[in-house]
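Peer 1: Just dropping this structure here.
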Amino acid sequence: MAYPTSPQPFGGARRVVIMKLRTKVFAVITFALSAVLGGATQAPAATARTVEIAAPAGSGLPVYVAVIKPVTAERLGNSWRAGCPVGPDQLRLVSLPFLGFDGAVHRGELVVNADRATEVARVFGDLYFGRFPVERMETVEKYNSDDDASMAANNTSAFNCRAITGGTAWSNHSYGRAIDVNTVQNPYISGSGTVYPPNGAPYADRTQHAPGMIHAGDVAERAFTSRGWTWGGSWDTPIDYQHFEKP
């Protein structure tokens, strides 16, 4: 006697349904894992941004627009090397307008720490509308990253991976958290009285008020110190009139 069996079409259909469900579940899990892992390993790339400040009425100056961009090791040249305390990814290139000694508007570049970039852009906005003149503003690799050469050229600059003057510890310039402004009109004077750069010696007499000199309470000093930066011109020794820092 033959015993009845379950119809094959029903059993086959059930297996097909189960396999499809398994495939869908596996696909959902795979998608979820890839999304999580992808988000954990891929940080969004830094992008350019701008700081724009409208010209005050009657200033006679164009609108102030600073552009802040990521910077590469190639762009930094020999101002950066392996072993420096910060990497290129922690720095930003700031392109900004400034008023030159000739009274015209020029555009310069500074490399600063990423966490100081917006603030630096606003500091120089104050100098711009305050009509504080700047001789030139170039990144230091254009001077072979030689601090003496950059100072002698009266160059306003920021990042340079180097030791402090006369020492071995990293300068705050190595972190992009220090800026030297008009280095000839605002020289560095060592404890022994040596003036750097040498062509800044005529400006060691701070009773003068020549264009580009920084004095306590003026627009340049206030632009920095009101935002928590320290001015080297207020130090006892050495005295660094060109130098502002915010570690």
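Chain lettering (A, B, ...) mirrors the order of the structure tokens, residue numbering begins at 1 for each chain separately, and ligand numbering begins at 1 in order of display.
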Run DSSP on the backbone of this structure and report the residues of segment 46-170 of chain A it assigns to strand (DSSP E), as number ranges by chain.
Peer 2: A: 49-53, 64-70, 91-99, 105-113
Peer 1: Applying 9 Å and only C-alpha atoms, which residues near segment 47-55 of chain A remain after dropping the ones on its own chain fewer than 2 positions away? List them as a PDB file with C-alpha atoms, in the first residue's frame.
Peer 2:
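Writing done, so here's around_39.pdb:
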ATOM      1  CA  PRO A  44      35.014  64.578   5.612  1.00  0.00           C
ATOM      2  CA  ALA A  45      37.774  66.500   3.816  1.00  0.00           C
ATOM      3  CA  ALA A  57      30.733 103.679   6.108  1.00  0.00           C
ATOM      4  CA  GLY A  58      33.282 106.227   5.001  1.00  0.00           C
ATOM      5  CA  SER A  59      36.243 103.837   5.192  1.00  0.00           C
ATOM      6  CA  GLY A  60      36.979 104.222   1.503  1.00  0.00           C
ATOM      7  CA  LEU A  61      38.123 100.588   1.415  1.00  0.00           C
ATOM      8  CA  PRO A  62      36.706  97.581  -0.438  1.00  0.00           C
ATOM      9  CA  VAL A  63      34.983  94.799   1.481  1.00  0.00           C
ATOM     10  CA  TYR A  64      37.412  92.587   3.392  1.00  0.00           C
ATOM     11  CA  VAL A  65      37.377  88.957   2.240  1.00  0.00           C
ATOM     12  CA  ALA A  66      39.792  86.361   3.645  1.00  0.00           C
ATOM     13  CA  VAL A  67      39.909  82.842   2.198  1.00  0.00           C
ATOM     14  CA  ILE A  68      40.920  79.921   4.442  1.00  0.00           C
ATOM     15  CA  LYS A  69      42.042  76.723   2.706  1.00  0.00           C
ATOM     16  CA  PRO A  70      43.701  73.408   3.588  1.00  0.00           C
ATOM     17  CA  THR A 118      39.234  82.316  11.519  1.00  0.00           C
ATOM     18  CA  ALA A 121      41.437  86.456   9.534  1.00  0.00           C
ATOM     19  CA  ARG A 122      39.390  88.722  11.817  1.00  0.00           C
ATOM     20  CA  GLY A 125      40.374  92.629   9.242  1.00  0.00           C
ATOM     21  CA  PHE A 129      39.992  98.823   8.414  1.00  0.00           C
TER      22      PHE A 129
END
Peer 1: Quick one: residues within 8 Å of segment 237-246 of chain A, only C-alpha atoms, excluding same-chain residues fewer than 5 positions away - as a list in words?
Peer 2: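 My list of contacting residues is Asn172, Arg177, Ala178, Ile179, Asp180, Val181, Asn182, Thr183, Gln185, Asn186, Pro187, Tyr188, Ile189, Ser190, Gly191, Ile214, Phe224, Gly228, Trp229, Thr230, Trp231 and Gly232 of chain A.
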Peer 1: Please report, as an MDAnalysis selection string, each residue of segment 150-189 of chain A to which DSSP assigns helix (DSSP H, G or I) when run on this structure's backbone.
Peer 2: chainID A and resid 150:152 172:175
Peer 1: Could those residues be written to a file, using C-alpha atoms, as a compact mmCIF listing (two decimals), in the first residue's frame?
Peer 2:
# COMPACT_ATOMS: atom_id res chain seq x y z
CA SER A 150 62.27 86.82 6.21
CA MET A 151 62.78 89.41 8.96
CA ALA A 152 65.29 91.42 6.91
CA ASN A 172 55.06 78.72 18.77
CA HIS A 173 55.60 79.45 15.07
CA SER A 174 56.13 75.68 14.71
CA TYR A 175 52.49 75.19 15.73
Peer 1: Take atom CA of Ser192 of chain A and atom CA of Gly166 of chain A and report the distance between them in Å, one decimal.
Peer 2: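 Atom-to-atom, atom CA of Ser192 of chain A to atom CA of Gly166 of chain A, that is 11.9 Å.
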Peer 1: So how far away is atom CA of Gly193 of chain A from atom CA of Ser79 of chain A, in Å?
Peer 2: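 The value is 28.2 Å.
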Peer 1: Pick out the residues sitting within 10 Å of Pro211 of chain A, and hand them over as a PyMOL selection string; count only C-alpha atoms, and ignore anything fewer than 4 positions along from it in its own chain.
Peer 2: chain A and resi 101+132-135+182+185
Peer 1: Restricting it to C-alpha atoms, dump the selection as an mmCIF file, in the first residue's frame.
Peer 2:
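This is the output file out24.cif:
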data_model
loop_
_atom_site.group_PDB
_atom_site.id
_atom_site.type_symbol
_atom_site.label_atom_id
_atom_site.label_comp_id
_atom_site.auth_asym_id
_atom_site.auth_seq_id
_atom_site.Cartn_x
_atom_site.Cartn_y
_atom_site.Cartn_z
ATOM 1 C CA PHE A 101 52.930 101.168 2.947
ATOM 2 C CA PHE A 132 47.516 99.810 9.889
ATOM 3 C CA PRO A 133 50.063 99.327 7.070
ATOM 4 C CA VAL A 134 51.877 96.060 6.372
ATOM 5 C CA GLU A 135 54.972 95.978 4.155
ATOM 6 C CA ASN A 182 56.463 94.252 10.144
ATOM 7 C CA GLN A 185 59.738 98.416 12.254
#
Peer 1: Nearest residue to Asn155 of chain A out of A:Gly100, A:Gly83, A:Gly77, A:Pro202, using only C-alpha atoms?
Peer 2: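 Result for the nearest residue to Asn155 of chain A: A:Gly100.
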Peer 1: Looking at A:Gln90, A:Asp146, A:Phe124, A:Arg136, which one is nearest to Ala104 of chain A, with distances taken over only C-alpha atoms?
Peer 2: A:Arg136
Peer 1: Figure out the distance between atom CA of Ala158 of chain A and atom CA of His209 of chain A, please, to one decimal in Å.
Peer 2: 24.2 Å
Peer 1: Using only C-alpha atoms, determine which residues lie at most 9 Å from Leu76 of chain A, disregarding the query and same-chain residues fewer than 2 positions distant; provide the list as number ranges by chain.
Peer 2: A: 71-74, 78-81, 88, 111, 139-141
Peer 1: Save out the residues we just selected, N, CA and C atoms, as a PDB file, in the first residue's frame.
Peer 2:
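The resulting part03.pdb:
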ATOM      1  N   VAL A  71      46.105  73.130   3.487  1.00  0.00           N
ATOM      2  CA  VAL A  71      47.432  73.294   2.906  1.00  0.00           C
ATOM      3  C   VAL A  71      48.142  71.941   2.890  1.00  0.00           C
ATOM      4  N   THR A  72      48.929  71.711   1.866  1.00  0.00           N
ATOM      5  CA  THR A  72      49.625  70.439   1.715  1.00  0.00           C
ATOM      6  C   THR A  72      51.098  70.571   2.097  1.00  0.00           C
ATOM      7  N   ALA A  73      51.747  69.429   2.298  1.00  0.00           N
ATOM      8  CA  ALA A  73      53.182  69.430   2.581  1.00  0.00           C
ATOM      9  C   ALA A  73      53.947  70.039   1.414  1.00  0.00           C
ATOM     10  N   GLU A  74      53.493  69.771   0.210  1.00  0.00           N
ATOM     11  CA  GLU A  74      54.151  70.336  -0.973  1.00  0.00           C
ATOM     12  C   GLU A  74      54.085  71.861  -0.953  1.00  0.00           C
ATOM     13  N   ASN A  78      59.954  73.739   2.457  1.00  0.00           N
ATOM     14  CA  ASN A  78      60.860  73.362   3.542  1.00  0.00           C
ATOM     15  C   ASN A  78      60.559  74.071   4.862  1.00  0.00           C
ATOM     16  N   SER A  79      59.399  74.753   4.932  1.00  0.00           N
ATOM     17  CA  SER A  79      58.973  75.294   6.232  1.00  0.00           C
ATOM     18  C   SER A  79      58.414  74.193   7.131  1.00  0.00           C
ATOM     19  N   TRP A  80      58.140  73.012   6.523  1.00  0.00           N
ATOM     20  CA  TRP A  80      57.624  71.866   7.276  1.00  0.00           C
ATOM     21  C   TRP A  80      58.428  70.626   6.883  1.00  0.00           C
ATOM     22  N   ARG A  81      58.578  69.707   7.844  1.00  0.00           N
ATOM     23  CA  ARG A  81      59.265  68.443   7.590  1.00  0.00           C
ATOM     24  C   ARG A  81      58.725  67.397   8.560  1.00  0.00           C
ATOM     25  N   PRO A  88      50.589  69.018   8.189  1.00  0.00           N
ATOM     26  CA  PRO A  88      49.891  69.916   7.272  1.00  0.00           C
ATOM     27  C   PRO A  88      48.375  69.913   7.467  1.00  0.00           C
ATOM     28  N   VAL A 111      50.277  81.091   6.870  1.00  0.00           N
ATOM     29  CA  VAL A 111      49.927  79.725   7.270  1.00  0.00           C
ATOM     30  C   VAL A 111      49.816  79.720   8.786  1.00  0.00           C
ATOM     31  N   THR A 139      54.487  83.573   2.696  1.00  0.00           N
ATOM     32  CA  THR A 139      54.833  82.397   3.493  1.00  0.00           C
ATOM     33  C   THR A 139      56.341  82.160   3.428  1.00  0.00           C
ATOM     34  N   VAL A 140      56.910  81.632   4.526  1.00  0.00           N
ATOM     35  CA  VAL A 140      58.361  81.689   4.714  1.00  0.00           C
ATOM     36  C   VAL A 140      59.183  80.796   3.789  1.00  0.00           C
ATOM     37  N   GLU A 141      58.557  79.816   3.146  1.00  0.00           N
ATOM     38  CA  GLU A 141      59.370  78.992   2.244  1.00  0.00           C
ATOM     39  C   GLU A 141      59.907  79.828   1.086  1.00  0.00           C
TER      40      GLU A 141
END
